[in-house]
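To start, the structure under review is shown below, and the notes come after it.
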Amino acid sequence: MFENLRSSFLAATLVAMPAIAVAVEEAPMTVTGATTVTVDESLELFDQGVAFVDVRKPSDFEAGRVAGAINLDLNDGFSQESLLEVAGLQDPVVIYCNGAACLRSSKAIAQAVSWGYETVYYMRDGYPVWDIAGFPVE
């Protein structure tokens, strides 16, 4: 009896609800002037001592990050001067955020390239995939 009541309620709710479309913009696969890398390739760069820059908001960074990463929040802290404190124009740097649904890293990378950075790596899959892979985190 309850199953039929629940089904009827669900059907009535779905009919009464207007269709809601939510557009989620996905991060680009590549960024001009940068090299897109998988998390496995990023681990190789990590093992080589390449600097990692996390452009997520501080609360995301504090919740978990690539071990040793520097937080330069794209909206409050990412600048040419702050990035120069992490890596020089000729130094390699990996920039990441929260993955394919996060546009922060692609925007930060475009800025870094425009400032003259020559070896920028785009870890498009971001921190979530790094963490799931079991790679070093803090």
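Starting from 1 in every chain, residues are counted up; chains themselves are A, B, ... following the order of the structure tokens, and ligands are numbered from 1 as listed.
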
Open item on the list: From a backbone DSSP assignment, name each residue in chain A labelled alpha helix (DSSP H), as an MDAnalysis selection string.
Closed with: chainID A and resid 2:16 39:47 58:63 80:86 104:114 126:132

- [ ] Just the residues within 9 Å of Gln90 in chain A, please, counting only C-alpha atoms, with nothing from its chain fewer than 4 positions along; format it as a PyMOL selection string.
- [x] chain A and resi 116-119

How would the residues just chosen look if you wrote them out with C-alpha atoms as a short mmCIF file (atom, residue, chain, number, x, y, z; two decimals), in the first residue's frame?
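Now in result-v5.cif:
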data_model
loop_
_atom_site.label_atom_id
_atom_site.label_comp_id
_atom_site.auth_asym_id
_atom_site.auth_seq_id
_atom_site.Cartn_x
_atom_site.Cartn_y
_atom_site.Cartn_z
CA GLY A 116 55.55 34.65 -20.05
CA TYR A 117 55.60 31.30 -18.23
CA GLU A 118 57.13 28.78 -20.59
CA THR A 119 56.57 25.39 -18.93
#

Open item on the list: If you run DSSP on the backbone here, which positions in chain A get strand (DSSP E or B)? Please write them as number ranges by chain.
Closed with: A: 34-36, 51-54, 66, 70-71, 93-96, 120-123, 137

For the selection just defined, write its residues with all heavy atoms to a file, as a short mmCIF file (atom, residue, chain, number, x, y, z; two decimals), in the first residue's frame.
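Printed below is part18.cif as written:
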data_model
loop_
_atom_site.label_atom_id
_atom_site.label_comp_id
_atom_site.auth_asym_id
_atom_site.auth_seq_id
_atom_site.Cartn_x
_atom_site.Cartn_y
_atom_site.Cartn_z
N ALA A 34 50.14 25.69 -22.71
CA ALA A 34 50.38 24.78 -21.59
C ALA A 34 50.30 23.33 -22.07
O ALA A 34 49.79 23.05 -23.15
CB ALA A 34 49.35 25.01 -20.48
N THR A 35 50.80 22.44 -21.24
CA THR A 35 50.73 21.01 -21.52
C THR A 35 49.75 20.37 -20.57
O THR A 35 49.91 20.46 -19.34
CB THR A 35 52.12 20.36 -21.34
OG1 THR A 35 53.05 21.00 -22.21
CG2 THR A 35 52.07 18.87 -21.65
N THR A 36 48.71 19.74 -21.11
CA THR A 36 47.75 19.03 -20.27
C THR A 36 48.38 17.71 -19.84
O THR A 36 48.93 16.98 -20.68
CB THR A 36 46.44 18.76 -21.03
OG1 THR A 36 45.91 20.02 -21.48
CG2 THR A 36 45.43 18.04 -20.16
N ALA A 51 57.06 22.51 -8.81
CA ALA A 51 56.12 23.22 -7.93
C ALA A 51 54.68 22.96 -8.37
O ALA A 51 54.38 22.95 -9.57
CB ALA A 51 56.41 24.71 -7.97
N PHE A 52 53.80 22.76 -7.39
CA PHE A 52 52.37 22.59 -7.64
C PHE A 52 51.64 23.79 -7.05
O PHE A 52 51.87 24.15 -5.89
CB PHE A 52 51.85 21.31 -6.98
CG PHE A 52 52.05 20.07 -7.81
CD1 PHE A 52 53.32 19.61 -8.10
CD2 PHE A 52 50.96 19.36 -8.29
CE1 PHE A 52 53.52 18.48 -8.86
CE2 PHE A 52 51.14 18.22 -9.06
CZ PHE A 52 52.43 17.77 -9.35
N VAL A 53 50.77 24.40 -7.85
CA VAL A 53 49.99 25.55 -7.41
C VAL A 53 48.51 25.17 -7.45
O VAL A 53 47.99 24.76 -8.49
CB VAL A 53 50.26 26.79 -8.29
CG1 VAL A 53 49.33 27.93 -7.91
CG2 VAL A 53 51.72 27.21 -8.16
N ASP A 54 47.88 25.31 -6.30
CA ASP A 54 46.46 25.02 -6.13
C ASP A 54 45.72 26.34 -6.17
O ASP A 54 45.95 27.21 -5.32
CB ASP A 54 46.29 24.33 -4.76
CG ASP A 54 44.89 23.89 -4.45
OD1 ASP A 54 43.94 24.63 -4.79
OD2 ASP A 54 44.74 22.83 -3.82
N VAL A 66 47.41 18.51 -2.77
CA VAL A 66 48.62 17.80 -3.16
C VAL A 66 49.69 18.19 -2.14
O VAL A 66 49.83 19.36 -1.79
CB VAL A 66 49.06 18.22 -4.59
CG1 VAL A 66 50.43 17.66 -4.92
CG2 VAL A 66 48.02 17.78 -5.62
N ILE A 70 51.23 24.94 -3.08
CA ILE A 70 51.06 26.31 -2.62
C ILE A 70 49.68 26.77 -3.06
O ILE A 70 49.29 26.58 -4.21
CB ILE A 70 52.14 27.24 -3.23
CG1 ILE A 70 53.54 26.74 -2.90
CG2 ILE A 70 51.93 28.68 -2.80
CD1 ILE A 70 53.89 26.70 -1.44
N ASN A 71 48.94 27.40 -2.14
CA ASN A 71 47.60 27.90 -2.47
C ASN A 71 47.68 29.35 -2.93
O ASN A 71 48.11 30.22 -2.18
CB ASN A 71 46.68 27.77 -1.26
CG ASN A 71 45.24 28.17 -1.56
OD1 ASN A 71 44.62 28.85 -0.76
ND2 ASN A 71 44.70 27.74 -2.65
N VAL A 93 55.87 24.45 -13.71
CA VAL A 93 54.88 24.58 -12.64
C VAL A 93 53.62 23.82 -13.05
O VAL A 93 53.21 23.86 -14.21
CB VAL A 93 54.57 26.07 -12.33
CG1 VAL A 93 54.00 26.80 -13.52
CG2 VAL A 93 53.67 26.21 -11.10
N VAL A 94 53.03 23.11 -12.09
CA VAL A 94 51.77 22.40 -12.30
C VAL A 94 50.68 23.20 -11.61
O VAL A 94 50.81 23.55 -10.44
CB VAL A 94 51.81 20.96 -11.71
CG1 VAL A 94 50.46 20.28 -11.88
CG2 VAL A 94 52.92 20.14 -12.36
N ILE A 95 49.61 23.49 -12.33
CA ILE A 95 48.49 24.24 -11.76
C ILE A 95 47.25 23.36 -11.82
O ILE A 95 46.97 22.72 -12.83
CB ILE A 95 48.27 25.57 -12.51
CG1 ILE A 95 49.54 26.44 -12.37
CG2 ILE A 95 47.05 26.30 -11.98
CD1 ILE A 95 49.48 27.76 -13.12
N TYR A 96 46.51 23.34 -10.70
CA TYR A 96 45.31 22.49 -10.63
C TYR A 96 44.23 23.13 -9.78
O TYR A 96 44.47 24.07 -9.02
CB TYR A 96 45.66 21.10 -10.08
CG TYR A 96 45.98 21.09 -8.60
CD1 TYR A 96 44.98 20.86 -7.66
CD2 TYR A 96 47.27 21.29 -8.14
CE1 TYR A 96 45.27 20.85 -6.29
CE2 TYR A 96 47.58 21.28 -6.79
CZ TYR A 96 46.56 21.06 -5.87
OH TYR A 96 46.84 21.04 -4.52
N VAL A 120 54.24 25.36 -18.33
CA VAL A 120 53.09 25.26 -17.44
C VAL A 120 52.36 23.95 -17.73
O VAL A 120 52.06 23.65 -18.90
CB VAL A 120 52.13 26.45 -17.62
CG1 VAL A 120 50.97 26.36 -16.64
CG2 VAL A 120 52.86 27.77 -17.47
N TYR A 121 52.09 23.20 -16.68
CA TYR A 121 51.37 21.94 -16.80
C TYR A 121 49.97 22.10 -16.23
O TYR A 121 49.79 22.63 -15.14
CB TYR A 121 52.11 20.82 -16.08
CG TYR A 121 53.44 20.51 -16.71
CD1 TYR A 121 54.62 21.03 -16.18
CD2 TYR A 121 53.53 19.71 -17.85
CE1 TYR A 121 55.85 20.76 -16.76
CE2 TYR A 121 54.75 19.44 -18.44
CZ TYR A 121 55.91 19.96 -17.89
OH TYR A 121 57.12 19.70 -18.47
N TYR A 122 48.99 21.62 -16.97
CA TYR A 122 47.58 21.72 -16.64
C TYR A 122 47.09 20.35 -16.16
O TYR A 122 46.87 19.45 -16.96
CB TYR A 122 46.83 22.18 -17.89
CG TYR A 122 45.33 22.24 -17.86
CD1 TYR A 122 44.62 22.59 -16.72
CD2 TYR A 122 44.61 21.99 -19.02
CE1 TYR A 122 43.24 22.68 -16.73
CE2 TYR A 122 43.23 22.09 -19.06
CZ TYR A 122 42.54 22.43 -17.91
OH TYR A 122 41.17 22.53 -17.93
N MET A 123 46.95 20.21 -14.84
CA MET A 123 46.42 18.96 -14.29
C MET A 123 44.90 19.09 -14.27
O MET A 123 44.30 19.42 -13.25
CB MET A 123 47.00 18.68 -12.89
CG MET A 123 46.62 17.30 -12.38
SD MET A 123 47.47 16.82 -10.86
CE MET A 123 46.55 17.70 -9.62
N VAL A 137 49.13 13.47 -0.28
CA VAL A 137 48.24 14.58 0.06
C VAL A 137 48.54 15.07 1.47
O VAL A 137 49.18 14.38 2.27
CB VAL A 137 46.75 14.19 -0.05
CG1 VAL A 137 46.39 13.81 -1.47
CG2 VAL A 137 46.40 13.09 0.92
#

Task: Residue nearest Gly134 in chain A among A:Asp73, A:Val55, A:Val39, A:Cys97 (counting only C-alpha atoms) - done: A:Val39

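Rounded to one decimal, CA of Arg124 in chain A and CA of Pro28 in chain A lie 8.2 Å from each other.
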
Task: d(CA of Glu44 in chain A, CA of Gly64 in chain A) in Å - done: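 One can read the CA of Glu44 in chain A to CA of Gly64 in chain A distance as 20.0 Å.
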
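Among the candidate residues A:Ser114, A:Leu103, A:Glu85, A:Ala67, the one lying nearest to Asp131 in chain A is A:Ala67, with distances computed using only C-alpha atoms.
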
Task: Pairwise distance for CA of Glu26 in chain A and CA of Gly99 in chain A, rounded to one decimal in Å - done: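 These atoms are spaced 9.0 Å apart.
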
- [ ] List the neighbours of Asn98 in chain A out to 10 Å using only C-alpha atoms; skip same-chain residues closer than 3 positions along the sequence, and give me the result as an MDAnalysis selection string.
- [x] chainID A and resid 54:56 60:61 101:105 123:130
